[in-house]
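With mmCIF, C-alpha atoms inside, this is upload-v8.cif:
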```cif
data_work
loop_
_atom_site.group_PDB
_atom_site.id
_atom_site.type_symbol
_atom_site.label_atom_id
_atom_site.label_comp_id
_atom_site.auth_asym_id
_atom_site.auth_seq_id
_atom_site.Cartn_x
_atom_site.Cartn_y
_atom_site.Cartn_z
ATOM 1 C CA MET Y 1 2.460 -0.422 1.347
ATOM 2 C CA ASN Y 2 6.170 -1.098 1.294
ATOM 3 C CA PRO Y 3 7.851 2.314 1.835
ATOM 4 C CA PHE Y 4 11.049 0.923 0.334
ATOM 5 C CA ILE Y 5 9.605 0.236 -3.115
ATOM 6 C CA PRO Y 6 12.538 0.891 -5.466
ATOM 7 C CA LEU Y 7 12.743 4.149 -7.358
ATOM 8 C CA GLU Y 8 13.613 3.203 -10.925
ATOM 9 C CA ALA Y 9 14.922 5.383 -13.726
ATOM 10 C CA ASP Y 10 12.425 6.637 -16.332
ATOM 11 C CA LYS Y 11 9.449 5.706 -14.114
ATOM 12 C CA PHE Y 12 6.640 7.839 -12.660
ATOM 13 C CA TYR Y 13 5.989 8.052 -8.915
ATOM 14 C CA HIS Y 14 3.602 9.753 -6.542
ATOM 15 C CA ILE Y 15 5.839 11.092 -3.746
ATOM 16 C CA TYR Y 16 4.142 12.261 -0.571
ATOM 17 C CA ASN Y 17 4.437 12.508 3.187
ATOM 18 C CA ARG Y 18 2.953 14.365 6.137
ATOM 19 C CA GLY Y 19 4.030 15.782 9.452
ATOM 20 C CA ASN Y 20 4.848 13.422 12.275
ATOM 21 C CA ASN Y 21 1.638 12.910 14.283
ATOM 22 C CA LYS Y 22 -0.018 15.038 11.553
ATOM 23 C CA GLN Y 23 1.729 18.156 12.870
ATOM 24 C CA PRO Y 24 2.239 21.156 10.569
ATOM 25 C CA VAL Y 25 5.260 21.130 8.291
ATOM 26 C CA PHE Y 26 4.635 24.611 6.858
ATOM 27 C CA TYR Y 27 3.974 27.547 9.166
ATOM 28 C CA SER Y 28 4.198 30.394 6.679
ATOM 29 C CA GLU Y 29 4.538 31.212 2.992
ATOM 30 C CA LYS Y 30 8.247 31.719 3.677
ATOM 31 C CA ASN Y 31 8.448 28.027 4.683
ATOM 32 C CA GLN Y 32 6.678 26.902 1.527
ATOM 33 C CA ARG Y 33 8.946 28.989 -0.701
ATOM 34 C CA TYR Y 34 11.996 27.632 1.116
ATOM 35 C CA PHE Y 35 10.752 24.047 0.718
ATOM 36 C CA LEU Y 36 10.244 24.484 -3.036
ATOM 37 C CA ASP Y 37 13.629 26.169 -3.446
ATOM 38 C CA LYS Y 38 15.344 23.291 -1.630
ATOM 39 C CA TYR Y 39 13.346 20.741 -3.623
ATOM 40 C CA THR Y 40 14.667 22.286 -6.831
ATOM 41 C CA GLN Y 41 18.192 22.472 -5.458
ATOM 42 C CA TYR Y 42 18.286 18.847 -4.334
ATOM 43 C CA MET Y 43 16.074 17.039 -6.837
ATOM 44 C CA GLU Y 44 16.047 18.878 -10.183
ATOM 45 C CA SER Y 45 19.000 16.892 -11.558
ATOM 46 C CA TYR Y 46 17.365 13.568 -10.648
ATOM 47 C CA LEU Y 47 13.738 13.897 -11.705
ATOM 48 C CA ASP Y 48 11.144 15.904 -13.607
ATOM 49 C CA THR Y 49 8.074 17.273 -11.849
ATOM 50 C CA TYR Y 50 4.584 16.967 -13.334
ATOM 51 C CA ALA Y 51 2.417 18.260 -10.453
ATOM 52 C CA TRP Y 52 2.763 19.329 -6.834
ATOM 53 C CA CYS Y 53 0.809 20.631 -3.861
ATOM 54 C CA LEU Y 54 1.897 21.856 -0.427
ATOM 55 C CA MET Y 55 -0.704 21.606 2.335
ATOM 56 C CA PRO Y 56 -0.124 22.793 5.917
ATOM 57 C CA ASN Y 57 0.776 19.327 7.207
ATOM 58 C CA HIS Y 58 1.589 17.318 4.081
ATOM 59 C CA PHE Y 59 2.736 17.500 0.465
ATOM 60 C CA HIS Y 60 2.298 15.683 -2.857
ATOM 61 C CA PHE Y 61 4.496 15.444 -5.969
ATOM 62 C CA LEU Y 62 4.013 13.580 -9.233
ATOM 63 C CA VAL Y 63 7.474 13.001 -10.667
ATOM 64 C CA LYS Y 64 9.334 11.004 -13.270
ATOM 65 C CA LEU Y 65 12.899 9.939 -12.575
ATOM 66 C CA LYS Y 66 15.489 10.851 -15.169
ATOM 67 C CA SER Y 67 17.495 8.244 -17.082
ATOM 68 C CA VAL Y 68 20.142 6.053 -15.448
ATOM 69 C CA GLU Y 69 22.908 8.003 -17.167
ATOM 70 C CA GLU Y 70 21.511 11.404 -16.137
ATOM 71 C CA ILE Y 71 21.177 10.263 -12.529
ATOM 72 C CA ARG Y 72 24.708 8.881 -12.437
ATOM 73 C CA ILE Y 73 26.127 12.113 -13.875
ATOM 74 C CA ALA Y 74 24.292 14.107 -11.191
ATOM 75 C CA ALA Y 75 25.413 11.694 -8.463
ATOM 76 C CA LYS Y 76 29.068 12.080 -9.474
ATOM 77 C CA GLN Y 77 28.726 15.810 -8.882
ATOM 78 C CA ASP Y 78 26.816 15.506 -5.613
ATOM 79 C CA PHE Y 79 28.376 12.533 -3.797
ATOM 80 C CA GLN Y 80 31.929 11.668 -2.837
ATOM 81 C CA ASN Y 81 30.923 8.162 -1.753
ATOM 82 C CA GLN Y 82 31.693 5.909 -4.718
ATOM 83 C CA ASN Y 83 29.315 3.215 -3.418
ATOM 84 C CA ILE Y 84 26.381 5.618 -3.749
ATOM 85 C CA ILE Y 85 27.450 6.744 -7.206
ATOM 86 C CA GLU Y 86 27.846 3.223 -8.575
ATOM 87 C CA SER Y 87 24.833 1.703 -6.815
ATOM 88 C CA ILE Y 88 21.474 1.071 -8.423
ATOM 89 C CA VAL Y 89 19.494 4.212 -9.189
ATOM 90 C CA GLU Y 90 17.434 3.904 -5.991
ATOM 91 C CA HIS Y 91 20.297 4.860 -3.724
ATOM 92 C CA PRO Y 92 21.375 8.292 -5.030
ATOM 93 C CA VAL Y 93 17.786 9.468 -5.580
ATOM 94 C CA SER Y 94 16.603 8.293 -2.167
ATOM 95 C CA GLU Y 95 19.692 9.791 -0.557
ATOM 96 C CA ARG Y 96 19.006 13.145 -2.177
ATOM 97 C CA PHE Y 97 15.431 13.022 -0.909
ATOM 98 C CA ARG Y 98 16.717 12.120 2.569
ATOM 99 C CA ARG Y 99 19.117 15.060 2.622
ATOM 100 C CA PHE Y 100 16.462 17.414 1.277
ATOM 101 C CA PHE Y 101 13.915 16.449 3.943
ATOM 102 C CA LEU Y 102 16.549 16.442 6.693
ATOM 103 C CA GLY Y 103 17.792 19.899 5.782
ATOM 104 C CA TYR Y 104 14.268 21.299 5.672
ATOM 105 C CA SER Y 105 13.388 19.633 8.989
ATOM 106 C CA LYS Y 106 16.424 21.162 10.695
ATOM 107 C CA ALA Y 107 15.447 24.621 9.458
ATOM 108 C CA ILE Y 108 11.867 24.278 10.717
ATOM 109 C CA ASN Y 109 12.949 22.832 14.066
ATOM 110 C CA LYS Y 110 15.264 25.805 14.505
ATOM 111 C CA GLN Y 111 12.478 28.203 13.544
ATOM 112 C CA GLN Y 112 9.991 26.585 15.925
ATOM 113 C CA GLN Y 113 12.569 25.919 18.634
ATOM 114 C CA SER Y 114 11.609 22.254 18.626
ATOM 115 C CA THR Y 115 13.323 18.888 18.309
ATOM 116 C CA GLY Y 116 12.494 15.487 16.895
ATOM 117 C CA SER Y 117 11.231 14.270 13.543
ATOM 118 C CA LEU Y 118 9.219 16.761 11.505
ATOM 119 C CA PHE Y 119 7.976 14.235 8.938
ATOM 120 C CA GLN Y 120 6.693 10.716 9.294
ATOM 121 C CA LYS Y 121 9.545 8.269 8.915
ATOM 122 C CA ASN Y 122 10.255 7.190 5.323
ATOM 123 C CA PHE Y 123 8.681 9.343 2.629
ATOM 124 C CA LYS Y 124 5.927 7.533 0.743
ATOM 125 C CA ARG Y 125 6.184 6.598 -2.906
ATOM 126 C CA LYS Y 126 3.684 4.952 -5.243
ATOM 127 C CA PHE Y 127 4.615 3.651 -8.672
ATOM 128 C CA VAL Y 128 2.408 5.200 -11.372
ATOM 129 C CA ASP Y 129 1.993 2.560 -14.045
ATOM 130 C CA ASN Y 130 -0.415 4.091 -16.582
ATOM 131 C CA ASP Y 131 -1.518 7.418 -18.060
ATOM 132 C CA GLU Y 132 -5.045 7.270 -16.625
ATOM 133 C CA TYR Y 133 -3.695 6.918 -13.102
ATOM 134 C CA ALA Y 134 -1.259 9.778 -13.795
ATOM 135 C CA LYS Y 135 -4.124 12.019 -14.972
ATOM 136 C CA GLN Y 136 -6.169 11.185 -11.891
ATOM 137 C CA LEU Y 137 -3.162 11.994 -9.723
ATOM 138 C CA VAL Y 138 -2.709 15.395 -11.363
ATOM 139 C CA CYS Y 139 -6.335 16.284 -10.571
ATOM 140 C CA TYR Y 140 -6.123 14.805 -7.085
ATOM 141 C CA ILE Y 141 -2.949 16.737 -6.256
ATOM 142 C CA HIS Y 142 -4.307 20.055 -7.530
ATOM 143 C CA ASN Y 143 -7.681 19.521 -5.852
ATOM 144 C CA ASN Y 144 -6.202 18.499 -2.507
ATOM 145 C CA PRO Y 145 -6.988 21.941 -0.992
ATOM 146 C CA VAL Y 146 -10.609 21.522 -2.142
ATOM 147 C CA HIS Y 147 -10.743 17.963 -0.831
ATOM 148 C CA HIS Y 148 -9.597 19.185 2.601
ATOM 149 C CA GLY Y 149 -11.990 22.159 2.677
ATOM 150 C CA PHE Y 150 -9.494 25.012 2.346
ATOM 151 C CA VAL Y 151 -11.006 26.475 -0.854
ATOM 152 C CA ASN Y 152 -13.928 25.890 -3.198
ATOM 153 C CA TYR Y 153 -11.816 25.593 -6.341
ATOM 154 C CA CYS Y 154 -8.176 24.704 -6.826
ATOM 155 C CA SER Y 155 -7.335 28.007 -8.540
ATOM 156 C CA GLU Y 156 -8.018 29.756 -5.215
ATOM 157 C CA TYR Y 157 -5.138 27.980 -3.465
ATOM 158 C CA LEU Y 158 -1.666 29.387 -4.100
ATOM 159 C CA TRP Y 159 0.606 26.473 -3.279
ATOM 160 C CA THR Y 160 -0.009 24.039 -6.125
ATOM 161 C CA SER Y 161 1.335 23.690 -9.650
ATOM 162 C CA PHE Y 162 -2.168 24.251 -11.082
ATOM 163 C CA HIS Y 163 -1.346 27.892 -11.789
ATOM 164 C CA SER Y 164 1.659 26.900 -13.922
ATOM 165 C CA PHE Y 165 -0.700 25.186 -16.369
ATOM 166 C CA LEU Y 166 -2.761 28.347 -16.855
ATOM 167 C CA SER Y 167 0.307 30.421 -17.644
ATOM 168 C CA SER Y 168 2.449 30.605 -20.770
ATOM 169 C CA GLY Y 169 5.474 31.726 -18.771
ATOM 170 C CA VAL Y 170 8.611 29.749 -18.036
ATOM 171 C CA THR Y 171 8.049 26.820 -15.700
ATOM 172 C CA LYS Y 172 9.956 23.778 -14.478
ATOM 173 C CA ILE Y 173 6.726 21.763 -14.554
ATOM 174 C CA LYS Y 174 6.370 19.419 -17.566
ATOM 175 C CA ARG Y 175 3.427 21.510 -18.680
ATOM 176 C CA ASP Y 176 3.145 20.541 -22.338
ATOM 177 C CA ILE Y 177 3.220 16.812 -21.607
ATOM 178 C CA VAL Y 178 0.520 17.073 -18.930
ATOM 179 C CA LEU Y 179 -1.708 19.277 -21.086
ATOM 180 C CA ASP Y 180 -1.402 16.690 -23.855
ATOM 181 C CA TRP Y 181 -2.714 14.067 -21.406
ATOM 182 C CA PHE Y 182 -5.834 16.231 -21.068
ATOM 183 C CA ASN Y 183 -6.081 17.148 -24.769
ATOM 184 C CA GLY Y 184 -5.326 20.796 -24.125
ATOM 185 C CA ARG Y 185 -5.648 23.531 -21.527
ATOM 186 C CA ASP Y 186 -9.426 24.028 -21.825
ATOM 187 C CA ASN Y 187 -10.132 20.381 -21.139
ATOM 188 C CA PHE Y 188 -7.517 20.378 -18.376
ATOM 189 C CA ILE Y 189 -9.453 23.130 -16.597
ATOM 190 C CA GLN Y 190 -12.825 21.492 -17.185
ATOM 191 C CA VAL Y 191 -11.689 18.107 -15.891
ATOM 192 C CA HIS Y 192 -10.318 19.726 -12.736
ATOM 193 C CA LYS Y 193 -13.722 21.333 -12.160
ATOM 194 C CA SER Y 194 -15.762 18.206 -12.802
ATOM 195 C CA VAL Y 195 -13.788 15.223 -11.506
ATOM 196 C CA ASN Y 196 -14.438 14.437 -7.837
ATOM 197 C CA ASP Y 197 -13.914 10.682 -7.691
ATOM 198 C CA TYR Y 198 -10.421 9.994 -6.412
ATOM 199 C CA SER Y 199 -11.192 6.594 -4.964
ATOM 200 C CA LEU Y 200 -8.218 4.936 -6.651
ATOM 201 C CA VAL Y 201 -5.753 7.464 -5.250
ATOM 202 C CA GLU Y 202 -7.392 7.567 -1.830
ATOM 203 C CA ARG Y 203 -7.432 3.790 -1.559
ATOM 204 C CA MET Y 204 -3.710 3.595 -2.231
ATOM 205 C CA ILE Y 205 -2.883 6.372 0.238
ATOM 206 C CA LEU Y 206 -5.023 4.821 2.966
ATOM 207 C CA GLU Y 207 -2.901 1.692 2.713
ATOM 208 C CA ASP Y 208 -0.170 3.697 4.458
ATOM 209 C CA ASP Y 209 -2.265 4.502 7.560
#
```
Step by step, read the file and then write its structure as structure tokens.
Amino acid sequence: MNPFIPLEADKFYHIYNRGNNKQPVFYSEKNQRYFLDKYTQYMESYLDTYAWCLMPNHFHFLVKLKSVEEIRIAAKQDFQNQNIIESIVEHPVSERFRRFFLGYSKAINKQQQSTGSLFQKNFKRKFVDNDEYAKQLVCYIHNNPVHHGFVNYCSEYLWTSFHSFLSSGVTKIKRDIVLDWFNGRDNFIQVHKSVNDYSLVERMILEDD
């Protein structure tokens, strides 16, 4: 897979990466909370989030980039470099991701008294081109802890957006849109329990290895 596939406005992407040499990237719940806080701080103005999961040595997000105009407005606030602001959408969004990951990496290296790259070079991105693939990704992301043997059911794992879909409270997740994909909350839960074929997602991720 080409890691430099452009990030285009109004498009869906599966964003993911793992620790360099498969090393941990989260050592405690404090790290996971910090990562999510920084993700919101750096990326909220540039994209909407539809699902996420944080595993000990990797993470997954399903996102949709905001419009060209929204991204340019955000970039004018965040960047002094006019070339970044006026460039194609790819540049400001990728630069925000770069700064987000770099800042988190520095914090973890300081915590662990280590040096070097925390994540594999170049975060991975896959263009999501249809609703069926998006639905499969939502289930795959939420069931990642099950897939890797951490829990028996995704509701037992704290660090995913699955819990946001069971709640009626305020959330930054695009809950209503995703639940519509599944024809409601009850079916959303049932599909997460029953679907275990993620061959399409797995095949695409294995292309990166």
Query raised in the report: Out of Y:Tyr13, Y:His142, Y:Phe26, Y:Leu54, which residue has the shortest atom-to-atom distance to Y:Ile108 when counting all atoms listed in the file?
Result: Y:Phe26
Requested in this report: Report as a list in words the full result of the PyMOL selection byres ((chain Y and resi 23) around 12) when it is applied to this structure.
Outcome: Asn17, Arg18, Gly19, Asn20, Asn21, Lys22, Pro24, Val25, Phe26, Tyr27, Met55, Pro56, Asn57, His58, Gly116, Ser117, Leu118, Phe119 and Gln120 of chain Y
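Applied to the file shown here, the PyMOL selection byres ((chain Y and resi 177) around 12) selects Asp48, Thr49, Tyr50, Ala51, Lys64, Asp131, Ala134, Lys135, Val138, Phe165, Ile173, Lys174, Arg175, Asp176, Val178, Leu179, Asp180, Trp181, Phe182, Asn183, Gly184, Arg185 and Phe188 of chain Y.
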Report task. Can you turn the PyMOL selection byres ((chain Y and resi 74) around 12) into a concrete residue list for this file, as a PyMOL selection string? Result -> chain Y and resi 41-47+66-73+75-80+84-86+89+92-93+96
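Atom pair atom CA of Y:His91 / atom CA of Y:Glu8: separated by 10.0 Å.
Across the model, the gap from atom CA of Y:Val63 to atom CA of Y:Tyr39 is 12.0 Å.
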Query raised in the report: atom CA of Y:Val191 and atom CA of Y:Asp129 are how many Å apart?
Result: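 Atom-to-atom, atom CA of Y:Val191 and atom CA of Y:Asp129 are spaced 20.8 Å apart.
Of the residues under consideration (Y:Lys38, Y:Lys110, Y:Tyr140, Y:Tyr104), Y:Tyr140 shows the shortest atom-to-atom contact distance to Y:His14 when counting only C-alpha atoms.
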Query raised in the report: Once you count only C-alpha atoms, which residues end up no further than 7 Å from (8.1, 8.1, 3.2) in the file's frame, shown as a PyMOL selection string?
Result: chain Y and resi 3+16-17+120-125
Requested in this report: Name all residues at most 10 Å from Y:His163 (count all atoms listed in the file; drop same-chain ones fewer than 6 positions away) and give them as a ChimeraX atom specification.
Outcome: /Y:142,154-157
**Report entry** Given all atoms listed in the file as the counted atoms, nearest of Y:His192, Y:Lys11, Y:Arg33, Y:His60 to Y:Gln136
**Finding:**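 Nearest to Y:Gln136: Y:His192.
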Box dimensions and centre (Å, one decimal) enclosing stretch 122-126 of chain Y, axis-aligned, 5 Å extra per side, as lines of an AutoDock Vina configuration file:
```
center_x = 7.0
center_y = 7.1
center_z = 0.0
size_x = 16.6
size_y = 14.4
size_z = 20.6
```
